[in-house]
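**Q** Handing over start-v3.cif, mmCIF, C-alpha atoms.
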data_work
loop_
_atom_site.label_atom_id
_atom_site.label_comp_id
_atom_site.auth_asym_id
_atom_site.auth_seq_id
_atom_site.Cartn_x
_atom_site.Cartn_y
_atom_site.Cartn_z
CA MET E 1343 27.07 -18.77 -5.73
CA ALA E 1344 28.57 -19.65 -2.40
CA GLY E 1345 27.61 -18.87 1.18
CA PHE E 1346 25.80 -15.56 1.35
CA ASP E 1347 26.88 -14.39 -2.08
CA LYS E 1348 23.61 -13.72 -3.92
CA VAL E 1349 25.03 -12.42 -7.20
CA VAL E 1350 23.94 -14.08 -10.43
CA SER E 1351 25.41 -13.22 -13.80
CA SER E 1352 22.48 -13.40 -16.21
CA TYR E 1353 18.87 -12.29 -16.25
CA GLU E 1354 17.92 -15.79 -17.34
CA GLU E 1355 19.43 -17.12 -14.13
CA ALA E 1356 17.84 -14.31 -12.13
CA MET E 1357 14.31 -15.31 -13.17
CA ALA E 1358 14.86 -19.09 -13.37
CA GLY E 1359 11.95 -21.04 -11.93
CA LEU E 1360 9.27 -18.52 -12.84
CA GLU E 1361 6.37 -20.53 -14.23
CA ASP E 1362 2.95 -19.90 -15.70
CA ASN E 1363 0.20 -18.86 -13.24
CA MET E 1364 2.58 -17.72 -10.51
CA THR E 1365 2.18 -14.53 -8.44
CA VAL E 1366 4.82 -11.84 -8.93
CA ILE E 1367 5.14 -8.83 -6.60
CA ALA E 1368 6.89 -5.87 -8.20
CA GLY E 1369 8.41 -2.77 -6.61
CA GLY E 1370 8.11 0.68 -8.17
CA PHE E 1371 5.76 3.65 -8.26
CA GLY E 1372 4.74 4.75 -11.73
CA LEU E 1373 7.95 4.24 -13.71
CA CYS E 1374 10.12 5.26 -10.74
CA GLY E 1375 12.20 2.50 -9.18
CA ILE E 1376 10.79 -0.30 -11.34
CA PRO E 1377 12.82 -3.47 -11.98
CA GLU E 1378 12.82 -2.74 -15.70
CA ASN E 1379 15.22 -5.47 -16.84
CA LEU E 1380 13.58 -8.17 -14.73
CA ILE E 1381 10.27 -7.24 -16.35
CA SER E 1382 11.93 -7.48 -19.79
CA GLU E 1383 13.18 -10.95 -18.87
CA ILE E 1384 9.62 -12.05 -18.00
CA LYS E 1385 8.55 -10.79 -21.42
CA ARG E 1386 11.40 -12.68 -23.11
CA LYS E 1387 10.54 -15.89 -21.22
CA GLY E 1388 6.91 -15.57 -22.30
CA THR E 1389 5.54 -16.71 -18.93
CA LYS E 1390 1.74 -16.50 -18.96
CA GLY E 1391 -1.22 -16.42 -16.59
CA LEU E 1392 0.64 -14.28 -14.06
CA THR E 1393 -0.95 -12.53 -11.12
CA VAL E 1394 0.99 -9.30 -10.75
CA VAL E 1395 0.97 -7.20 -7.59
CA SER E 1396 2.25 -3.68 -8.22
CA ASN E 1397 1.07 -0.15 -7.48
CA ASN E 1398 0.77 0.56 -11.23
CA CYS E 1399 1.05 -1.33 -14.50
CA GLY E 1400 3.59 0.76 -16.37
CA VAL E 1401 2.82 2.50 -19.67
CA ASP E 1402 2.15 0.92 -23.06
CA ASP E 1403 5.77 0.39 -24.03
CA PHE E 1404 7.64 0.44 -20.73
CA GLY E 1405 7.51 -1.25 -17.35
CA LEU E 1406 4.86 -3.88 -16.64
CA GLY E 1407 2.89 -2.56 -19.64
CA ILE E 1408 5.16 -4.58 -21.95
CA LEU E 1409 3.68 -7.81 -20.55
CA LEU E 1410 0.21 -6.88 -21.77
CA PRO E 1411 0.38 -7.34 -25.59
CA ASP E 1412 1.17 -11.08 -25.25
CA ARG E 1413 -1.47 -11.42 -22.53
CA GLN E 1414 1.07 -12.56 -19.94
CA ILE E 1415 -0.85 -11.00 -17.05
CA LYS E 1416 -4.08 -12.71 -16.00
CA LYS E 1417 -4.77 -10.57 -12.97
CA ILE E 1418 -3.32 -7.39 -11.51
CA ILE E 1419 -3.62 -6.07 -7.98
CA ALA E 1420 -2.86 -2.33 -8.12
CA SER E 1421 -3.97 1.05 -6.78
CA TYR E 1422 -3.83 3.13 -9.97
CA VAL E 1423 -3.80 1.90 -13.54
CA GLY E 1424 -4.70 4.94 -15.60
CA GLU E 1425 -1.66 5.43 -17.82
CA ASN E 1426 -2.05 2.63 -20.29
CA ALA E 1427 -4.34 2.26 -23.34
CA GLU E 1428 -3.83 -1.50 -23.87
CA PHE E 1429 -4.50 -2.07 -20.19
CA GLU E 1430 -7.79 -0.21 -20.43
CA ARG E 1431 -8.80 -2.17 -23.52
CA GLN E 1432 -8.09 -5.56 -21.90
CA MET E 1433 -9.83 -4.52 -18.68
CA MET E 1434 -12.95 -3.26 -20.48
CA ASN E 1435 -13.12 -6.48 -22.56
CA GLY E 1436 -12.81 -8.62 -19.44
CA GLU E 1437 -9.52 -10.11 -20.68
CA LEU E 1438 -7.66 -8.83 -17.64
CA GLU E 1439 -8.84 -9.14 -14.05
CA VAL E 1440 -8.16 -6.01 -12.00
CA GLU E 1441 -8.32 -5.81 -8.23
CA LEU E 1442 -8.11 -2.14 -7.31
CA THR E 1443 -6.53 -1.83 -3.88
CA PRO E 1444 -5.87 1.38 -1.94
CA GLN E 1445 -2.21 2.33 -2.08
CA GLY E 1446 -1.58 2.20 1.68
CA THR E 1447 -3.46 -1.07 1.99
CA LEU E 1448 -1.39 -2.51 -0.87
CA ALA E 1449 1.86 -1.50 0.84
CA GLU E 1450 0.68 -2.95 4.15
CA LYS E 1451 -0.44 -6.19 2.47
CA MET E 1452 3.11 -6.67 1.19
CA ARG E 1453 4.61 -5.71 4.56
CA ALA E 1454 2.29 -8.09 6.39
CA GLY E 1455 2.95 -10.88 3.86
CA GLY E 1456 6.67 -10.55 4.47
CA ALA E 1457 6.30 -10.22 8.24
CA GLY E 1458 4.21 -13.35 8.85
CA ILE E 1459 1.01 -11.46 9.60
CA PRO E 1460 -1.89 -13.13 7.72
CA ALA E 1461 -4.30 -10.16 7.74
CA PHE E 1462 -4.86 -6.78 9.38
CA TYR E 1463 -7.69 -4.36 10.13
CA THR E 1464 -7.73 -0.95 8.48
CA ALA E 1465 -10.27 1.86 8.28
CA THR E 1466 -9.22 2.45 4.67
CA GLY E 1467 -11.98 1.39 2.30
CA TYR E 1468 -14.69 0.94 4.93
CA GLY E 1469 -18.10 1.65 3.36
CA THR E 1470 -16.65 1.59 -0.18
CA PRO E 1471 -16.53 -1.04 -2.95
CA VAL E 1472 -13.19 -2.20 -1.49
CA ALA E 1473 -15.00 -3.49 1.63
CA GLU E 1474 -17.33 -5.81 -0.30
CA GLY E 1475 -17.12 -9.38 1.00
CA LYS E 1476 -14.67 -8.46 3.75
CA GLU E 1477 -15.09 -8.92 7.47
CA GLU E 1478 -15.90 -5.69 9.33
CA ARG E 1479 -15.20 -4.93 12.95
CA GLU E 1480 -15.52 -1.97 15.28
CA PHE E 1481 -12.70 -0.82 17.57
CA ASP E 1482 -13.29 2.17 19.88
CA GLY E 1483 -16.31 3.24 17.86
CA ARG E 1484 -14.56 3.22 14.46
CA HIS E 1485 -15.20 0.81 11.63
CA TYR E 1486 -12.46 -1.31 10.12
CA ILE E 1487 -12.22 -3.98 7.44
CA LEU E 1488 -10.05 -7.08 7.46
CA GLU E 1489 -7.48 -7.13 4.66
CA PRO E 1490 -5.49 -10.30 3.90
CA ALA E 1491 -1.73 -10.15 3.42
CA ILE E 1492 -0.08 -10.84 0.06
CA LYS E 1493 2.82 -13.16 -0.67
CA GLY E 1494 4.42 -13.79 -4.03
CA ASP E 1495 6.10 -16.77 -5.65
CA PHE E 1496 8.55 -14.15 -6.88
CA ALA E 1497 9.27 -10.58 -5.87
CA ILE E 1498 11.10 -8.38 -8.36
CA VAL E 1499 12.87 -5.37 -6.90
CA LYS E 1500 15.01 -2.44 -8.03
CA ALA E 1501 17.56 -1.04 -5.58
CA TRP E 1502 20.35 1.47 -6.05
CA LYS E 1503 23.28 -0.26 -4.40
CA ALA E 1504 23.88 -3.64 -2.85
CA ASP E 1505 26.70 -5.65 -1.40
CA ARG E 1506 27.20 -9.22 -2.60
CA TYR E 1507 25.25 -10.49 0.43
CA GLY E 1508 22.13 -8.73 -0.83
CA ASN E 1509 22.07 -5.89 1.68
CA LEU E 1510 20.24 -3.12 -0.16
CA VAL E 1511 20.25 0.66 -0.30
CA PHE E 1512 17.56 2.51 -2.24
CA ARG E 1513 17.84 5.97 -3.73
CA LYS E 1514 15.34 8.80 -3.15
CA THR E 1515 11.70 8.07 -4.04
CA ALA E 1516 12.74 5.04 -6.09
CA ARG E 1517 12.47 3.27 -2.72
CA ASN E 1518 8.62 3.31 -2.65
CA PHE E 1519 7.24 -0.27 -2.67
CA ASN E 1520 10.61 -1.96 -3.25
CA PRO E 1521 11.61 -2.77 0.36
CA LEU E 1522 8.11 -4.17 1.01
CA ALA E 1523 8.08 -6.27 -2.15
CA ALA E 1524 11.53 -7.58 -1.17
CA THR E 1525 10.15 -9.11 2.04
CA ALA E 1526 7.12 -10.77 0.44
CA GLY E 1527 8.56 -13.05 -2.25
CA LYS E 1528 9.33 -16.73 -1.83
CA ILE E 1529 12.12 -15.92 -4.25
CA THR E 1530 13.18 -12.28 -4.18
CA VAL E 1531 15.23 -11.08 -7.13
CA VAL E 1532 16.89 -7.68 -6.99
CA GLU E 1533 18.56 -5.68 -9.73
CA VAL E 1534 20.88 -2.83 -8.82
CA GLU E 1535 23.07 -0.13 -10.30
CA GLU E 1536 26.15 -1.02 -8.29
CA ILE E 1537 27.38 -4.06 -6.35
CA VAL E 1538 30.07 -3.64 -3.70
CA GLU E 1539 31.90 -6.08 -1.43
CA PRO E 1540 30.40 -7.06 1.95
CA GLY E 1541 31.56 -4.59 4.59
CA GLU E 1542 31.60 -1.62 2.24
CA LEU E 1543 28.07 -0.52 3.10
CA ASP E 1544 27.60 1.08 6.51
CA PRO E 1545 25.32 -1.38 8.39
CA ASP E 1546 23.43 1.62 9.80
CA HIS E 1547 22.56 2.75 6.27
CA ILE E 1548 21.15 -0.51 4.90
CA HIS E 1549 17.44 -0.25 4.09
CA THR E 1550 16.78 -3.93 3.35
CA PRO E 1551 18.89 -6.62 5.02
CA GLY E 1552 20.19 -9.39 2.77
CA ILE E 1553 18.14 -12.08 4.53
CA TYR E 1554 15.20 -11.13 2.28
CA VAL E 1555 17.19 -11.37 -0.95
CA ASN E 1556 17.74 -14.58 -2.91
CA ARG E 1557 19.29 -13.35 -6.15
CA LEU E 1558 21.09 -10.17 -7.06
CA ILE E 1559 22.06 -8.90 -10.49
CA LEU E 1560 23.87 -5.84 -11.80
CA GLY E 1561 21.82 -3.99 -14.41
CA SER E 1562 21.82 -0.85 -16.49
CA PHE E 1563 18.69 1.23 -16.48
CA GLU E 1564 16.81 3.59 -18.77
CA LYS E 1565 14.92 5.21 -15.85
CA ARG E 1566 12.23 6.71 -18.01
CA ILE E 1567 10.48 9.81 -16.61
CA GLU E 1568 6.68 9.79 -16.72
CA GLN E 1569 5.93 13.46 -16.05
CA ARG E 1570 8.88 15.68 -16.77
CA THR E 1571 8.12 18.93 -14.95
CA VAL E 1572 10.61 21.77 -14.64
CA ARG E 1573 10.50 25.27 -13.23
CA SER E 1574 11.33 28.07 -15.57
CA ASP E 1575 12.31 30.80 -13.12
CA ALA E 1576 15.77 29.34 -12.49
CA MET P 485 -17.82 35.25 -9.81
CA ALA P 486 -16.87 31.65 -9.27
CA LEU P 487 -13.37 31.23 -7.86
CA SER P 488 -10.53 30.47 -10.25
CA ARG P 489 -8.26 27.48 -9.61
CA GLU P 490 -5.69 29.88 -8.17
CA GLN P 491 -8.25 31.48 -5.84
CA LEU P 492 -9.36 28.07 -4.60
CA ALA P 493 -5.74 27.32 -3.77
CA GLN P 494 -5.33 30.72 -2.12
CA ARG P 495 -8.37 30.18 0.10
CA VAL P 496 -7.18 26.73 1.16
CA ALA P 497 -3.78 28.24 1.99
CA GLN P 498 -5.50 30.47 4.56
CA GLU P 499 -6.21 27.28 6.53
CA LEU P 500 -2.50 26.44 6.84
CA GLN P 501 -0.72 26.87 10.14
CA ASP P 502 2.95 27.23 10.93
CA GLY P 503 4.54 23.82 11.45
CA TYR P 504 1.86 21.86 9.60
CA TYR P 505 2.62 18.62 7.76
CA VAL P 506 0.33 18.72 4.72
CA ASN P 507 -0.64 16.25 2.00
CA LEU P 508 -1.83 17.89 -1.22
CA GLY P 509 -3.70 15.86 -3.82
CA ILE P 510 -3.25 16.12 -7.56
CA GLY P 511 -4.71 19.14 -9.42
CA ILE P 512 -5.94 22.24 -7.58
CA PRO P 513 -4.62 21.02 -4.20
CA THR P 514 -1.08 21.00 -5.63
CA LEU P 515 -1.40 24.74 -6.32
CA VAL P 516 -1.81 25.43 -2.58
CA ALA P 517 1.96 25.10 -2.25
CA ASN P 518 2.31 28.36 -4.23
CA TYR P 519 0.37 30.35 -1.60
CA VAL P 520 2.01 29.39 1.70
CA PRO P 521 1.98 32.67 3.65
CA GLU P 522 5.29 34.52 4.05
CA GLY P 523 7.22 33.47 7.14
CA MET P 524 5.21 30.28 7.63
CA GLU P 525 6.82 26.85 7.47
CA VAL P 526 4.83 23.88 6.20
CA MET P 527 6.19 20.53 5.08
CA LEU P 528 4.55 18.75 2.17
CA GLN P 529 4.04 14.99 2.32
CA SER P 530 4.01 13.09 -0.95
CA GLU P 531 2.57 9.64 -0.39
CA ASN P 532 5.01 7.81 -2.64
CA GLY P 533 7.50 8.35 0.16
CA LEU P 534 8.74 11.91 0.59
CA LEU P 535 8.23 14.34 3.46
CA GLY P 536 9.54 17.78 2.58
CA MET P 537 8.70 18.08 -1.10
CA GLY P 538 10.38 21.04 -2.79
CA GLN P 539 9.60 22.93 -5.98
CA PHE P 540 9.91 21.51 -9.48
CA PRO P 541 13.52 20.99 -10.57
CA THR P 542 15.46 23.05 -13.07
CA GLU P 543 16.47 21.21 -16.23
CA ALA P 544 19.85 20.49 -14.60
CA GLU P 545 18.32 19.20 -11.37
CA ILE P 546 15.96 16.64 -12.94
CA ASP P 547 16.34 13.24 -11.26
CA ALA P 548 14.33 10.22 -12.45
CA ASP P 549 14.55 8.80 -8.91
CA LEU P 550 12.81 11.81 -7.35
CA ILE P 551 9.13 12.24 -8.14
CA ASN P 552 5.91 13.17 -6.35
CA ALA P 553 2.65 11.25 -6.04
CA GLY P 554 1.55 12.70 -9.40
CA LYS P 555 4.68 11.13 -10.94
CA GLN P 556 6.09 14.60 -11.66
CA THR P 557 9.77 15.31 -11.18
CA VAL P 558 10.32 17.33 -7.99
CA THR P 559 13.09 18.41 -5.61
CA MET P 560 13.47 18.00 -1.85
CA ALA P 561 13.13 20.85 0.61
CA THR P 562 15.70 21.37 3.35
CA GLY P 563 15.05 18.85 6.11
CA ALA P 564 13.29 16.37 3.83
CA SER P 565 13.13 12.65 4.55
CA ILE P 566 12.51 9.61 2.35
CA PHE P 567 10.78 6.39 3.32
CA ASP P 568 9.00 3.39 1.86
CA SER P 569 5.31 3.22 0.99
CA ALA P 570 4.26 1.34 4.15
CA GLU P 571 5.92 3.98 6.32
CA SER P 572 4.31 6.70 4.23
CA PHE P 573 0.84 5.33 4.82
CA ALA P 574 1.58 4.65 8.48
CA MET P 575 1.97 8.43 8.74
CA ILE P 576 -1.28 8.99 6.88
CA ARG P 577 -3.38 6.24 8.47
CA GLY P 578 -1.92 6.94 11.89
CA GLY P 579 -3.27 10.49 11.79
CA HIS P 580 0.12 12.22 11.81
CA VAL P 581 -0.58 14.49 8.82
CA ASP P 582 -2.09 17.81 9.98
CA LEU P 583 -4.02 18.73 6.85
CA THR P 584 -5.06 16.82 3.74
CA VAL P 585 -6.40 18.58 0.65
CA LEU P 586 -7.92 16.57 -2.17
CA GLY P 587 -10.43 16.78 -5.00
CA ALA P 588 -13.77 15.00 -5.45
CA PHE P 589 -16.56 14.31 -7.95
CA GLU P 590 -19.27 14.35 -5.26
CA VAL P 591 -19.70 14.85 -1.52
CA ASP P 592 -22.86 14.44 0.53
CA VAL P 593 -24.46 15.68 3.76
CA ASN P 594 -23.19 12.62 5.67
CA GLY P 595 -19.57 13.41 4.87
CA ASN P 596 -19.30 10.71 2.21
CA ILE P 597 -16.94 11.36 -0.69
CA ALA P 598 -16.79 9.91 -4.22
CA SER P 599 -13.61 10.78 -6.06
CA TYR P 600 -12.08 7.84 -7.86
CA MET P 601 -14.44 6.06 -10.20
CA ILE P 602 -17.18 6.68 -12.74
CA PRO P 603 -18.45 3.19 -13.62
CA GLY P 604 -18.13 2.42 -17.32
CA LYS P 605 -16.17 5.62 -17.95
CA LEU P 606 -13.29 6.30 -15.63
CA ILE P 607 -11.76 3.32 -13.87
CA LYS P 608 -8.23 4.30 -13.04
CA GLY P 609 -8.13 3.49 -9.37
CA MET P 610 -8.06 5.23 -6.03
CA GLY P 611 -4.30 5.52 -5.54
CA GLY P 612 -3.84 6.80 -2.00
CA ALA P 613 -7.15 8.67 -1.73
CA MET P 614 -8.99 6.04 0.33
CA ASP P 615 -6.15 5.88 2.85
CA LEU P 616 -5.99 9.67 3.04
CA VAL P 617 -9.68 10.21 3.70
CA ALA P 618 -9.83 7.35 6.21
CA GLY P 619 -6.72 8.39 8.09
CA ALA P 620 -6.87 12.17 8.25
CA ASP P 621 -9.00 14.16 10.64
CA ASN P 622 -8.51 17.55 9.04
CA ILE P 623 -9.47 17.28 5.37
CA ILE P 624 -10.47 20.00 2.92
CA VAL P 625 -12.12 18.85 -0.29
CA THR P 626 -11.72 21.21 -3.24
CA MET P 627 -14.14 20.80 -6.12
CA THR P 628 -16.52 22.58 -8.45
CA HIS P 629 -19.94 23.13 -6.88
CA ALA P 630 -21.90 21.90 -9.89
CA SER P 631 -21.30 20.50 -13.36
CA LYS P 632 -21.17 22.71 -16.46
CA HIS P 633 -24.84 21.84 -16.93
CA GLY P 634 -25.75 23.05 -13.44
CA VAL P 635 -26.04 19.61 -11.82
CA SER P 636 -25.09 19.83 -8.14
CA LYS P 637 -22.16 17.84 -6.80
CA LEU P 638 -23.11 18.54 -3.17
CA LEU P 639 -25.72 15.89 -2.63
CA SER P 640 -28.00 14.29 -0.08
CA ASN P 641 -26.49 10.97 -1.17
CA CYS P 642 -23.44 10.36 -3.35
CA THR P 643 -24.37 8.49 -6.53
CA LEU P 644 -20.86 7.30 -7.51
CA PRO P 645 -18.83 4.58 -5.74
CA LEU P 646 -17.49 5.98 -2.47
CA THR P 647 -13.87 6.76 -1.66
CA GLY P 648 -14.72 7.13 2.03
CA LYS P 649 -17.70 7.06 4.33
CA GLY P 650 -18.49 9.80 6.84
CA CYS P 651 -15.04 11.36 6.71
CA ILE P 652 -15.45 14.82 5.16
CA LYS P 653 -16.15 17.92 7.27
CA LYS P 654 -14.97 20.81 5.07
CA VAL P 655 -15.60 21.49 1.39
CA LEU P 656 -14.33 24.44 -0.62
CA THR P 657 -16.06 24.81 -3.96
CA ASP P 658 -15.69 27.50 -6.60
CA LEU P 659 -18.81 29.11 -5.06
CA ALA P 660 -18.70 28.46 -1.34
CA PHE P 661 -16.89 27.26 1.77
CA ILE P 662 -19.06 24.68 3.48
CA GLU P 663 -18.96 22.69 6.70
CA ILE P 664 -20.60 19.27 7.02
CA LYS P 665 -22.13 18.31 10.38
CA ASN P 666 -25.30 16.74 11.78
CA GLY P 667 -26.16 15.34 8.34
CA LYS P 668 -26.35 18.80 6.74
CA PHE P 669 -24.28 21.29 4.81
CA TYR P 670 -23.63 24.63 6.57
CA LEU P 671 -22.73 27.63 4.44
CA LEU P 672 -19.74 29.42 5.99
CA GLU P 673 -18.52 31.75 3.23
CA ARG P 674 -19.39 32.59 -0.34
CA ALA P 675 -17.16 33.46 -3.28
CA PRO P 676 -16.96 37.21 -3.96
CA GLY P 677 -20.01 38.34 -5.95
CA VAL P 678 -21.83 35.01 -5.63
CA SER P 679 -25.24 35.26 -3.96
CA VAL P 680 -26.57 32.94 -1.27
CA GLU P 681 -29.53 32.18 -3.57
CA GLU P 682 -27.22 30.99 -6.33
CA ILE P 683 -25.43 28.65 -3.90
CA VAL P 684 -28.73 27.32 -2.52
CA LYS P 685 -29.95 26.66 -6.05
CA LEU P 686 -26.86 24.62 -6.92
CA THR P 687 -26.77 22.61 -3.68
CA GLU P 688 -28.90 19.47 -3.84
CA GLY P 689 -28.28 18.30 -0.24
CA GLU P 690 -29.84 20.21 2.68
CA LEU P 691 -27.98 23.50 3.12
CA VAL P 692 -28.25 25.52 6.33
CA VAL P 693 -27.78 29.28 5.95
CA GLU P 694 -27.45 31.04 9.30
CA GLY P 695 -27.27 34.85 9.47
CA ASP P 696 -25.22 36.94 7.07
CA ILE P 697 -22.81 34.86 5.02
CA PRO P 698 -19.52 36.71 4.54
CA GLU P 699 -17.68 36.87 1.23
CA MET P 700 -14.26 35.21 1.10
CA SER P 701 -11.41 37.65 1.26
CA PHE P 702 -8.03 37.24 -0.37
#
Take the structure in this file and express it as structure tokens.

**A**
Amino acid sequence: MAGFDKVVSSYEEAMAGLEDNMTVIAGGFGLCGIPENLISEIKRKGTKGLTVVSNNCGVDDFGLGILLPDRQIKKIIASYVGENAEFERQMMNGELEVELTPQGTLAEKMRAGGAGIPAFYTATGYGTPVAEGKEEREFDGRHYILEPAIKGDFAIVKAWKADRYGNLVFRKTARNFNPLAATAGKITVVEVEEIVEPGELDPDHIHTPGIYVNRLILGSFEKRIEQRTVRSDA
Amino acid sequence: MALSREQLAQRVAQELQDGYYVNLGIGIPTLVANYVPEGMEVMLQSENGLLGMGQFPTEAEIDADLINAGKQTVTMATGASIFDSAESFAMIRGGHVDLTVLGAFEVDVNGNIASYMIPGKLIKGMGGAMDLVAGADNIIVTMTHASKHGVSKLLSNCTLPLTGKGCIKKVLTDLAFIEIKNGKFYLLERAPGVSVEEIVKLTEGELVVEGDIPEMSF
């Protein structure tokens, strides 16, 4: 690596420095736009006691779900975790701590974490279990709760295309939480389908500027589909 | 007769207006998209980051990078846009979505809604529902009026953990269309062939019945 060149050549190098008990923020929604190979590398490394921040926790044999059998995740902060039998078992047995967080609040926590904003008020969750233990305040007659930002020791991100400087372009709804996760990691690692030379991406079309990216790796992806729905009248 | 899932969707569709941006929850709300009146344009928001959701893809069109909030493969309508999750919920929380339709387990006379958790049984999470009910002004809740065993889901106080407090004003059940105001339910319409008495019997929270209650028309 030299200058702004963020490209690394192995997944081992991409996830170097990840240690037990760290916090990892992951992009993706369901199985769409997940950093599948970076997750596999965490499994291979066997890192334990992780706090994982992600909208979902994959399925039993794909995505973040593969970190469950070896009990690598201590705590997960997520909005929806219903697609995973092993997850449910560990949660019910108290082996896995789960902090259910509204989806928009989760996205904003990552955004705030990356933008140097320590906390924010939102009406989301007021008067619900989410508000328990949180400061409440009224603005213009409406009730809001104070939500702290989230930062990660690592952020793991999947983008479509990047240049070697780490400027990122996402594709369709695989964007989801990825640009937010990218801003909120002390070390942000991105895997992509294609890497081009600096200058080849139109600066107006870059979704995430390279300043947020520390390491970049070229991957190949299964892109598993969770709910394959088709129309028949075609 | 209680409304079918399709009739529930059809009745909600009557509340659409030309030029509306609409967020449809999973289940019955999704079916509303099938009943957009001829000549009317609405744009569907999917909270994972898509405004202008199209129909399901053909086998050839399937794209793993293009899904809706229910994680189903979809297509994009003409004029669609894509954005990240923070932007998506800025739209929702900021009150820019004209109509939100979502399901519930329970609602009560104070506009409280419980829709995401049954302690000890169903703990999957709220997804975007808490943001949607807190951010939207115009919300229609679609649900069954009572359980199979005749236990009302329209209550004086929700018993399950809340998704939102004081945020629901309109409820469409399989039996009735109901408005919530002043700490009471108001019966606006009844499903064809369903009597006012039957609705009263299956509504645990205080229900106001004023004058003749019309049947829904389709």

**Q** Under the rule of at most 8 Å, produce a per-residue listing of chain E near chain P: chain, number, name, the closest pair of atoms, and the distance in Å, as a tab-separated table, using all atoms listed in the file.

**A**
residue	atom	partner	partner_atom	distance
E:Phe1371	CA	P:Asn532	CA	7.0
E:Gly1372	CA	P:Lys555	CA	6.4
E:Cys1374	CA	P:Asp549	CA	6.0
E:Gly1375	CA	P:Asp549	CA	6.7
E:Ala1420	CA	P:Gly609	CA	8.0
E:Ser1421	CA	P:Gly611	CA	4.7
E:Tyr1422	CA	P:Gly609	CA	4.4
E:Val1423	CA	P:Lys608	CA	5.1
E:Gly1424	CA	P:Lys608	CA	4.4
E:Leu1442	CA	P:Gly609	CA	6.0
E:Thr1443	CA	P:Met610	CA	7.5
E:Pro1444	CA	P:Gly611	CA	5.7
E:Gln1445	CA	P:Gly612	CA	4.8
E:Gly1446	CA	P:Phe573	CA	5.1
E:Thr1447	CA	P:Asp615	CA	7.5
E:Ala1449	CA	P:Ala570	CA	5.0
E:Glu1450	CA	P:Ala570	CA	5.6
E:Arg1453	CA	P:Ala570	CA	7.1
E:Ala1465	CA	P:Ala618	CA	5.9
E:Thr1466	CA	P:Asp615	CA	4.9
E:Gly1467	CA	P:Met614	CA	5.9
E:Tyr1468	CA	P:Gly648	CA	6.8
E:Gly1469	CA	P:Lys649	CA	5.5
E:Thr1470	CA	P:Leu646	CA	5.0
E:Pro1471	CA	P:Pro645	CA	6.7
E:Arg1513	CA	P:Asp549	CA	6.8
E:Lys1514	CA	P:Leu550	CA	5.8
E:Thr1515	CA	P:Leu550	CA	5.1
E:Ala1516	CA	P:Asp549	CA	5.0
E:Arg1517	CA	P:Asp568	CA	5.7
E:Asn1518	CA	P:Asp568	CA	4.5
E:Phe1519	CA	P:Ser569	CA	5.4
E:Asn1520	CA	P:Asp568	CA	7.6
E:Pro1521	CA	P:Asp568	CA	6.9
E:Leu1522	CA	P:Ala570	CA	7.4
E:Lys1565	CA	P:Ala548	CA	6.1
E:Arg1566	CA	P:Ala548	CA	6.9
E:Ile1567	CA	P:Ala548	CA	5.7
E:Glu1568	CA	P:Lys555	CA	6.3
E:Gln1569	CA	P:Gln556	CA	4.5
E:Arg1570	CA	P:Thr557	CA	5.7
E:Thr1571	CA	P:Thr557	CA	5.5
E:Val1572	CA	P:Pro541	CA	5.1
E:Arg1573	CA	P:Phe540	CA	5.3
E:Ser1574	CA	P:Thr542	CA	7.0
E:Ala1576	CA	P:Thr542	CA	6.3

**Q** When you look at Asp621 in chain P with a cut-off of 8 Å (counting all atoms listed in the file), what residues show up, excluding the ones that are within fewer than 6 positions of it in the same chain? I need them as an MDAnalysis selection string.

**A** chainID P and resid 579 582:583 651

**Q** Using C-alpha atoms, can you write the selected residues to a file as a compact mmCIF listing (two decimals), keeping the file's coordinate frame?

**A**
# COMPACT_ATOMS: atom_id res chain seq x y z
CA GLY P 579 -3.27 10.49 11.79
CA ASP P 582 -2.09 17.81 9.98
CA LEU P 583 -4.02 18.73 6.85
CA CYS P 651 -15.04 11.36 6.71

**Q** On this file, the PyMOL selection byres ((chain E and resi 1452) around 7) gives some set of residues; write that set as number ranges by chain.

**A** E: 1448-1451, 1453-1456, 1491-1493, 1522-1523, 1526

**Q** Could you tell me which residues the PyMOL selection byres ((chain E and resi 1401) around 9) grabs in this file, written as a PDB file with C-alpha atoms, in the frame of the given file?

**A**
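Resulting contents of out_37.pdb:
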ATOM      1  CA  GLY E1372       4.740   4.750 -11.730  1.00  0.00           C
ATOM      2  CA  LEU E1373       7.950   4.240 -13.710  1.00  0.00           C
ATOM      3  CA  ASN E1398       0.770   0.560 -11.230  1.00  0.00           C
ATOM      4  CA  CYS E1399       1.050  -1.330 -14.500  1.00  0.00           C
ATOM      5  CA  GLY E1400       3.590   0.760 -16.370  1.00  0.00           C
ATOM      6  CA  ASP E1402       2.150   0.920 -23.060  1.00  0.00           C
ATOM      7  CA  ASP E1403       5.770   0.390 -24.030  1.00  0.00           C
ATOM      8  CA  PHE E1404       7.640   0.440 -20.730  1.00  0.00           C
ATOM      9  CA  GLY E1405       7.510  -1.250 -17.350  1.00  0.00           C
ATOM     10  CA  LEU E1406       4.860  -3.880 -16.640  1.00  0.00           C
ATOM     11  CA  GLY E1407       2.890  -2.560 -19.640  1.00  0.00           C
ATOM     12  CA  ILE E1408       5.160  -4.580 -21.950  1.00  0.00           C
ATOM     13  CA  GLY E1424      -4.700   4.940 -15.600  1.00  0.00           C
ATOM     14  CA  GLU E1425      -1.660   5.430 -17.820  1.00  0.00           C
ATOM     15  CA  ASN E1426      -2.050   2.630 -20.290  1.00  0.00           C
ATOM     16  CA  ALA E1427      -4.340   2.260 -23.340  1.00  0.00           C
ATOM     17  CA  GLU E1428      -3.830  -1.500 -23.870  1.00  0.00           C
ATOM     18  CA  PHE E1429      -4.500  -2.070 -20.190  1.00  0.00           C
ATOM     19  CA  GLU E1568       6.680   9.790 -16.720  1.00  0.00           C
TER      20      GLU E1568
END
